[in-house]
Amino acid sequence: MTRLEYKDIYDVVGAAMEVHSTLGRGMAEAIYQEALALEMKQQDMLVEREKELRLHYKGTLLEKTYFADLYYNGIIIELKSVEEIHSDHRAQLFNYMRISGKQLGILINFGEKKLHAERYLYLPEDDDFVLLTQQNFMDFINEE
């Protein structure tokens with residue numbers, strides 16, 4: 001992950017914080033999706049809503065289609081509006097990251113009093129996901 005990619009993650013979370021402070025918590029997920037897409041566009045961030053994700057199996061495109069809530073600069077963004085994040089919410093984001101081959105993902109929950117955002121890095125060589133924190137993100141920065 002480059003510094004610019006980490007800045008993109010930071011910018012997405014900042015936009016989500018603005019949406020949360022304006023709308024508050026606990027509304028329908030679709031409202032936050034539309035509002036966050038609008039906020040990101042107002043900040044000149046080229047975001048896609050309902051990004052289609054398709055998977056190939058042994059060279060054949062599978063019929064099943066998935067949709068990430070938002071997609072920005074290689075980042076899969078999954079939104080929730082629940083009391084708290086659970087492992088199945090993380091699993092959904094991780095599946096979308098695997099399917100798309102994207103290494104960066106953010107799980108954002110608008111359902112809590114304070115916005116909750118989890119930033120993840122997918123390490124395909126290990127098939128592992130790392131929760132990026134202020135303490136460890138520099139360990140994953142490269143200058144490529």
# chains A, B, ... in the order shown; residues from 1 in each chain; ligands from 1
>>> residues_around(residues="Glu118 in chain A", least_positions_apart="4", cutoff="9 Å", atoms="only C-alpha atoms", output="list in words")
Gly105, Ile106, Leu107, Ile108, Asn109, Leu131, Leu132 and Thr133 of chain A
>>> select_by_dssp(residues="range 5-139 of chain A", states="alpha helix (DSSP H)", output="PDB file with N, CA and C atoms, in the first residue's frame")
ATOM      1  N   GLU A   5      -2.505   5.713  -1.343  1.00  0.00           N
ATOM      2  CA  GLU A   5      -3.628   4.810  -1.107  1.00  0.00           C
ATOM      3  C   GLU A   5      -4.141   4.945   0.330  1.00  0.00           C
ATOM      4  N   TYR A   6      -3.219   5.087   1.280  1.00  0.00           N
ATOM      5  CA  TYR A   6      -3.658   5.269   2.660  1.00  0.00           C
ATOM      6  C   TYR A   6      -4.385   6.597   2.825  1.00  0.00           C
ATOM      7  N   LYS A   7      -3.916   7.625   2.126  1.00  0.00           N
ATOM      8  CA  LYS A   7      -4.603   8.922   2.170  1.00  0.00           C
ATOM      9  C   LYS A   7      -6.010   8.796   1.606  1.00  0.00           C
ATOM     10  N   ASP A   8      -6.175   8.013   0.551  1.00  0.00           N
ATOM     11  CA  ASP A   8      -7.512   7.788  -0.010  1.00  0.00           C
ATOM     12  C   ASP A   8      -8.438   7.163   1.033  1.00  0.00           C
ATOM     13  N   ILE A   9      -7.926   6.189   1.797  1.00  0.00           N
ATOM     14  CA  ILE A   9      -8.712   5.567   2.863  1.00  0.00           C
ATOM     15  C   ILE A   9      -9.103   6.623   3.892  1.00  0.00           C
ATOM     16  N   TYR A  10      -8.150   7.427   4.268  1.00  0.00           N
ATOM     17  CA  TYR A  10      -8.363   8.501   5.239  1.00  0.00           C
ATOM     18  C   TYR A  10      -9.442   9.460   4.737  1.00  0.00           C
ATOM     19  N   ASP A  11      -9.392   9.811   3.454  1.00  0.00           N
ATOM     20  CA  ASP A  11     -10.365  10.736   2.867  1.00  0.00           C
ATOM     21  C   ASP A  11     -11.777  10.149   2.864  1.00  0.00           C
ATOM     22  N   VAL A  12     -11.895   8.852   2.574  1.00  0.00           N
ATOM     23  CA  VAL A  12     -13.207   8.196   2.589  1.00  0.00           C
ATOM     24  C   VAL A  12     -13.799   8.241   3.993  1.00  0.00           C
ATOM     25  N   VAL A  13     -13.004   7.911   4.991  1.00  0.00           N
ATOM     26  CA  VAL A  13     -13.492   7.922   6.371  1.00  0.00           C
ATOM     27  C   VAL A  13     -13.857   9.347   6.783  1.00  0.00           C
ATOM     28  N   GLY A  14     -13.087  10.323   6.343  1.00  0.00           N
ATOM     29  CA  GLY A  14     -13.415  11.719   6.643  1.00  0.00           C
ATOM     30  C   GLY A  14     -14.760  12.130   6.053  1.00  0.00           C
ATOM     31  N   ALA A  15     -15.024  11.699   4.828  1.00  0.00           N
ATOM     32  CA  ALA A  15     -16.313  11.987   4.194  1.00  0.00           C
ATOM     33  C   ALA A  15     -17.444  11.296   4.962  1.00  0.00           C
ATOM     34  N   ALA A  16     -17.198  10.067   5.402  1.00  0.00           N
ATOM     35  CA  ALA A  16     -18.208   9.336   6.175  1.00  0.00           C
ATOM     36  C   ALA A  16     -18.479  10.030   7.509  1.00  0.00           C
ATOM     37  N   MET A  17     -17.451  10.576   8.120  1.00  0.00           N
ATOM     38  CA  MET A  17     -17.629  11.304   9.377  1.00  0.00           C
ATOM     39  C   MET A  17     -18.522  12.525   9.162  1.00  0.00           C
ATOM     40  N   GLU A  18     -18.343  13.199   8.035  1.00  0.00           N
ATOM     41  CA  GLU A  18     -19.178  14.355   7.716  1.00  0.00           C
ATOM     42  C   GLU A  18     -20.640  13.935   7.556  1.00  0.00           C
ATOM     43  N   VAL A  19     -20.865  12.824   6.867  1.00  0.00           N
ATOM     44  CA  VAL A  19     -22.232  12.319   6.683  1.00  0.00           C
ATOM     45  C   VAL A  19     -22.845  11.959   8.041  1.00  0.00           C
ATOM     46  N   HIS A  20     -22.079  11.268   8.873  1.00  0.00           N
ATOM     47  CA  HIS A  20     -22.585  10.854  10.188  1.00  0.00           C
ATOM     48  C   HIS A  20     -22.903  12.064  11.055  1.00  0.00           C
ATOM     49  N   SER A  21     -22.050  13.077  11.016  1.00  0.00           N
ATOM     50  CA  SER A  21     -22.303  14.259  11.851  1.00  0.00           C
ATOM     51  C   SER A  21     -23.507  15.052  11.343  1.00  0.00           C
ATOM     52  N   THR A  22     -23.796  14.945  10.054  1.00  0.00           N
ATOM     53  CA  THR A  22     -24.938  15.662   9.486  1.00  0.00           C
ATOM     54  C   THR A  22     -26.244  14.894   9.683  1.00  0.00           C
ATOM     55  N   LEU A  23     -26.246  13.600   9.415  1.00  0.00           N
ATOM     56  CA  LEU A  23     -27.476  12.803   9.468  1.00  0.00           C
ATOM     57  C   LEU A  23     -27.723  12.110  10.801  1.00  0.00           C
ATOM     58  N   GLU A  29     -29.496   2.030   5.567  1.00  0.00           N
ATOM     59  CA  GLU A  29     -28.201   1.964   4.890  1.00  0.00           C
ATOM     60  C   GLU A  29     -28.214   2.692   3.543  1.00  0.00           C
ATOM     61  N   ALA A  30     -29.301   2.560   2.803  1.00  0.00           N
ATOM     62  CA  ALA A  30     -29.402   3.196   1.481  1.00  0.00           C
ATOM     63  C   ALA A  30     -29.280   4.714   1.564  1.00  0.00           C
ATOM     64  N   ILE A  31     -29.775   5.302   2.646  1.00  0.00           N
ATOM     65  CA  ILE A  31     -29.663   6.755   2.832  1.00  0.00           C
ATOM     66  C   ILE A  31     -28.200   7.134   2.987  1.00  0.00           C
ATOM     67  N   TYR A  32     -27.471   6.376   3.798  1.00  0.00           N
ATOM     68  CA  TYR A  32     -26.049   6.674   3.999  1.00  0.00           C
ATOM     69  C   TYR A  32     -25.255   6.442   2.722  1.00  0.00           C
ATOM     70  N   GLN A  33     -25.626   5.421   1.957  1.00  0.00           N
ATOM     71  CA  GLN A  33     -24.923   5.160   0.700  1.00  0.00           C
ATOM     72  C   GLN A  33     -25.066   6.357  -0.245  1.00  0.00           C
ATOM     73  N   GLU A  34     -26.281   6.841  -0.392  1.00  0.00           N
ATOM     74  CA  GLU A  34     -26.515   7.983  -1.279  1.00  0.00           C
ATOM     75  C   GLU A  34     -25.829   9.242  -0.758  1.00  0.00           C
ATOM     76  N   ALA A  35     -25.939   9.485   0.546  1.00  0.00           N
ATOM     77  CA  ALA A  35     -25.335  10.677   1.136  1.00  0.00           C
ATOM     78  C   ALA A  35     -23.810  10.636   1.063  1.00  0.00           C
ATOM     79  N   LEU A  36     -23.217   9.468   1.322  1.00  0.00           N
ATOM     80  CA  LEU A  36     -21.759   9.367   1.264  1.00  0.00           C
ATOM     81  C   LEU A  36     -21.260   9.528  -0.170  1.00  0.00           C
ATOM     82  N   ALA A  37     -21.963   8.954  -1.132  1.00  0.00           N
ATOM     83  CA  ALA A  37     -21.575   9.138  -2.530  1.00  0.00           C
ATOM     84  C   ALA A  37     -21.637  10.616  -2.897  1.00  0.00           C
ATOM     85  N   LEU A  38     -22.665  11.313  -2.459  1.00  0.00           N
ATOM     86  CA  LEU A  38     -22.801  12.743  -2.732  1.00  0.00           C
ATOM     87  C   LEU A  38     -21.678  13.533  -2.065  1.00  0.00           C
ATOM     88  N   GLU A  39     -21.399  13.224  -0.794  1.00  0.00           N
ATOM     89  CA  GLU A  39     -20.329  13.913  -0.062  1.00  0.00           C
ATOM     90  C   GLU A  39     -18.983  13.703  -0.752  1.00  0.00           C
ATOM     91  N   MET A  40     -18.726  12.472  -1.175  1.00  0.00           N
ATOM     92  CA  MET A  40     -17.451  12.185  -1.843  1.00  0.00           C
ATOM     93  C   MET A  40     -17.354  12.942  -3.172  1.00  0.00           C
ATOM     94  N   LYS A  41     -18.433  12.985  -3.915  1.00  0.00           N
ATOM     95  CA  LYS A  41     -18.425  13.732  -5.189  1.00  0.00           C
ATOM     96  C   LYS A  41     -18.197  15.216  -4.944  1.00  0.00           C
ATOM     97  N   GLN A  42     -18.795  15.757  -3.871  1.00  0.00           N
ATOM     98  CA  GLN A  42     -18.584  17.160  -3.529  1.00  0.00           C
ATOM     99  C   GLN A  42     -17.132  17.436  -3.162  1.00  0.00           C
ATOM    100  N   SER A  87     -18.906 -10.396  12.906  1.00  0.00           N
ATOM    101  CA  SER A  87     -17.987 -11.105  12.017  1.00  0.00           C
ATOM    102  C   SER A  87     -18.579 -11.336  10.626  1.00  0.00           C
ATOM    103  N   ASP A  88     -19.902 -11.515  10.520  1.00  0.00           N
ATOM    104  CA  ASP A  88     -20.485 -11.719   9.197  1.00  0.00           C
ATOM    105  C   ASP A  88     -20.415 -10.457   8.340  1.00  0.00           C
ATOM    106  N   HIS A  89     -20.400  -9.291   8.958  1.00  0.00           N
ATOM    107  CA  HIS A  89     -20.220  -8.045   8.206  1.00  0.00           C
ATOM    108  C   HIS A  89     -18.803  -7.981   7.638  1.00  0.00           C
ATOM    109  N   ARG A  90     -17.832  -8.367   8.456  1.00  0.00           N
ATOM    110  CA  ARG A  90     -16.442  -8.398   7.992  1.00  0.00           C
ATOM    111  C   ARG A  90     -16.278  -9.436   6.884  1.00  0.00           C
ATOM    112  N   ALA A  91     -16.895 -10.585   7.058  1.00  0.00           N
ATOM    113  CA  ALA A  91     -16.802 -11.649   6.050  1.00  0.00           C
ATOM    114  C   ALA A  91     -17.333 -11.170   4.707  1.00  0.00           C
ATOM    115  N   GLN A  92     -18.406 -10.398   4.714  1.00  0.00           N
ATOM    116  CA  GLN A  92     -18.954  -9.862   3.468  1.00  0.00           C
ATOM    117  C   GLN A  92     -17.929  -8.966   2.772  1.00  0.00           C
ATOM    118  N   LEU A  93     -17.311  -8.051   3.524  1.00  0.00           N
ATOM    119  CA  LEU A  93     -16.275  -7.194   2.946  1.00  0.00           C
ATOM    120  C   LEU A  93     -15.113  -8.030   2.432  1.00  0.00           C
ATOM    121  N   PHE A  94     -14.663  -8.997   3.215  1.00  0.00           N
ATOM    122  CA  PHE A  94     -13.528  -9.826   2.809  1.00  0.00           C
ATOM    123  C   PHE A  94     -13.835 -10.594   1.530  1.00  0.00           C
ATOM    124  N   ASN A  95     -15.046 -11.123   1.402  1.00  0.00           N
ATOM    125  CA  ASN A  95     -15.435 -11.808   0.168  1.00  0.00           C
ATOM    126  C   ASN A  95     -15.391 -10.859  -1.020  1.00  0.00           C
ATOM    127  N   TYR A  96     -15.895  -9.658  -0.842  1.00  0.00           N
ATOM    128  CA  TYR A  96     -15.878  -8.675  -1.935  1.00  0.00           C
ATOM    129  C   TYR A  96     -14.442  -8.325  -2.327  1.00  0.00           C
ATOM    130  N   MET A  97     -13.555  -8.228  -1.345  1.00  0.00           N
ATOM    131  CA  MET A  97     -12.152  -7.926  -1.639  1.00  0.00           C
ATOM    132  C   MET A  97     -11.509  -9.076  -2.404  1.00  0.00           C
ATOM    133  N   ARG A  98     -11.793 -10.298  -2.009  1.00  0.00           N
ATOM    134  CA  ARG A  98     -11.262 -11.474  -2.721  1.00  0.00           C
ATOM    135  C   ARG A  98     -11.798 -11.533  -4.146  1.00  0.00           C
ATOM    136  N   ILE A  99     -13.123 -11.404  -4.289  1.00  0.00           N
ATOM    137  CA  ILE A  99     -13.758 -11.491  -5.607  1.00  0.00           C
ATOM    138  C   ILE A  99     -13.185 -10.451  -6.559  1.00  0.00           C
ATOM    139  N   SER A 100     -13.025  -9.228  -6.072  1.00  0.00           N
ATOM    140  CA  SER A 100     -12.563  -8.126  -6.926  1.00  0.00           C
ATOM    141  C   SER A 100     -11.049  -8.117  -7.103  1.00  0.00           C
TER     142      SER A 100
END
>>> closest_residue(among="A:Leu4, A:Asn136, A:His116, A:Asn142", to="Glu78 in chain A", atoms="only C-alpha atoms")
A:His116
>>> select_by_dssp(residues="range 6-134 of chain A", states="strand (DSSP E)", output="ChimeraX atom specification")
/A:47-57,60-72,75-80,104-109,116-123,128-132
>>> closest_residue(among="A:Ile141, A:Val82, A:Ala28, A:Leu121", to="Arg3 in chain A", atoms="only C-alpha atoms")
A:Ile141
>>> decode(residues="range 38-118 of chain A", atoms="C-alpha atoms", output="compact mmCIF listing (two decimals), in the first residue's frame")
# COMPACT_ATOMS: atom_id res chain seq x y z
CA LEU A 38 -22.80 12.74 -2.73
CA GLU A 39 -20.33 13.91 -0.06
CA MET A 40 -17.45 12.19 -1.84
CA LYS A 41 -18.42 13.73 -5.19
CA GLN A 42 -18.58 17.16 -3.53
CA GLN A 43 -15.00 16.53 -2.41
CA ASP A 44 -14.01 15.68 -6.03
CA MET A 45 -13.71 11.97 -5.27
CA LEU A 46 -14.80 9.82 -8.23
CA VAL A 47 -16.91 7.23 -6.46
CA GLU A 48 -19.02 4.42 -7.95
CA ARG A 49 -22.22 3.19 -6.29
CA GLU A 50 -23.31 -0.44 -6.40
CA LYS A 51 -20.05 -1.59 -8.03
CA GLU A 52 -20.67 -4.91 -9.74
CA LEU A 53 -18.30 -7.68 -8.72
CA ARG A 54 -18.04 -10.87 -10.80
CA LEU A 55 -16.08 -14.03 -10.14
CA HIS A 56 -14.46 -16.52 -12.52
CA TYR A 57 -14.10 -20.20 -11.75
CA LYS A 58 -11.50 -22.03 -13.88
CA GLY A 59 -11.89 -19.49 -16.66
CA THR A 60 -15.69 -19.44 -16.60
CA LEU A 61 -17.60 -16.38 -15.44
CA LEU A 62 -20.02 -17.40 -12.69
CA GLU A 63 -23.60 -16.18 -12.94
CA LYS A 64 -23.72 -14.91 -9.36
CA THR A 65 -23.22 -11.16 -9.17
CA TYR A 66 -22.30 -9.19 -6.07
CA PHE A 67 -22.46 -5.45 -5.52
CA ALA A 68 -20.17 -3.43 -3.29
CA ASP A 69 -21.94 -0.43 -1.77
CA LEU A 70 -19.25 1.99 -2.95
CA TYR A 71 -15.96 1.80 -4.81
CA TYR A 72 -13.28 4.48 -4.89
CA ASN A 73 -9.74 4.32 -6.30
CA GLY A 74 -9.39 0.58 -5.76
CA ILE A 75 -11.08 0.62 -2.34
CA ILE A 76 -14.12 -1.56 -1.63
CA ILE A 77 -16.42 0.33 0.76
CA GLU A 78 -19.09 -1.65 2.62
CA LEU A 79 -21.67 0.28 4.63
CA LYS A 80 -23.77 -0.83 7.57
CA SER A 81 -26.30 0.81 9.87
CA VAL A 82 -26.42 -1.62 12.78
CA GLU A 83 -25.94 -1.46 16.55
CA GLU A 84 -22.49 -3.04 16.22
CA ILE A 85 -20.30 -4.72 13.62
CA HIS A 86 -20.22 -8.52 13.66
CA SER A 87 -17.99 -11.10 12.02
CA ASP A 88 -20.49 -11.72 9.20
CA HIS A 89 -20.22 -8.04 8.21
CA ARG A 90 -16.44 -8.40 7.99
CA ALA A 91 -16.80 -11.65 6.05
CA GLN A 92 -18.95 -9.86 3.47
CA LEU A 93 -16.28 -7.19 2.95
CA PHE A 94 -13.53 -9.83 2.81
CA ASN A 95 -15.43 -11.81 0.17
CA TYR A 96 -15.88 -8.68 -1.93
CA MET A 97 -12.15 -7.93 -1.64
CA ARG A 98 -11.26 -11.47 -2.72
CA ILE A 99 -13.76 -11.49 -5.61
CA SER A 100 -12.56 -8.13 -6.93
CA GLY A 101 -8.88 -8.76 -6.25
CA LYS A 102 -8.70 -5.40 -4.47
CA GLN A 103 -6.38 -5.14 -1.50
CA LEU A 104 -8.04 -2.25 0.32
CA GLY A 105 -11.44 -2.25 1.99
CA ILE A 106 -13.34 -0.19 4.53
CA LEU A 107 -16.25 -1.34 6.66
CA ILE A 108 -18.23 1.69 7.89
CA ASN A 109 -21.04 1.51 10.44
CA PHE A 110 -23.41 4.45 10.71
CA GLY A 111 -25.54 2.75 13.37
CA GLU A 112 -23.42 3.59 16.39
CA LYS A 113 -23.34 6.86 18.36
CA LYS A 114 -19.88 7.54 17.00
CA LEU A 115 -19.03 6.54 13.42
CA HIS A 116 -17.21 3.21 13.37
CA ALA A 117 -14.81 2.49 10.50
CA GLU A 118 -12.52 -0.50 10.05
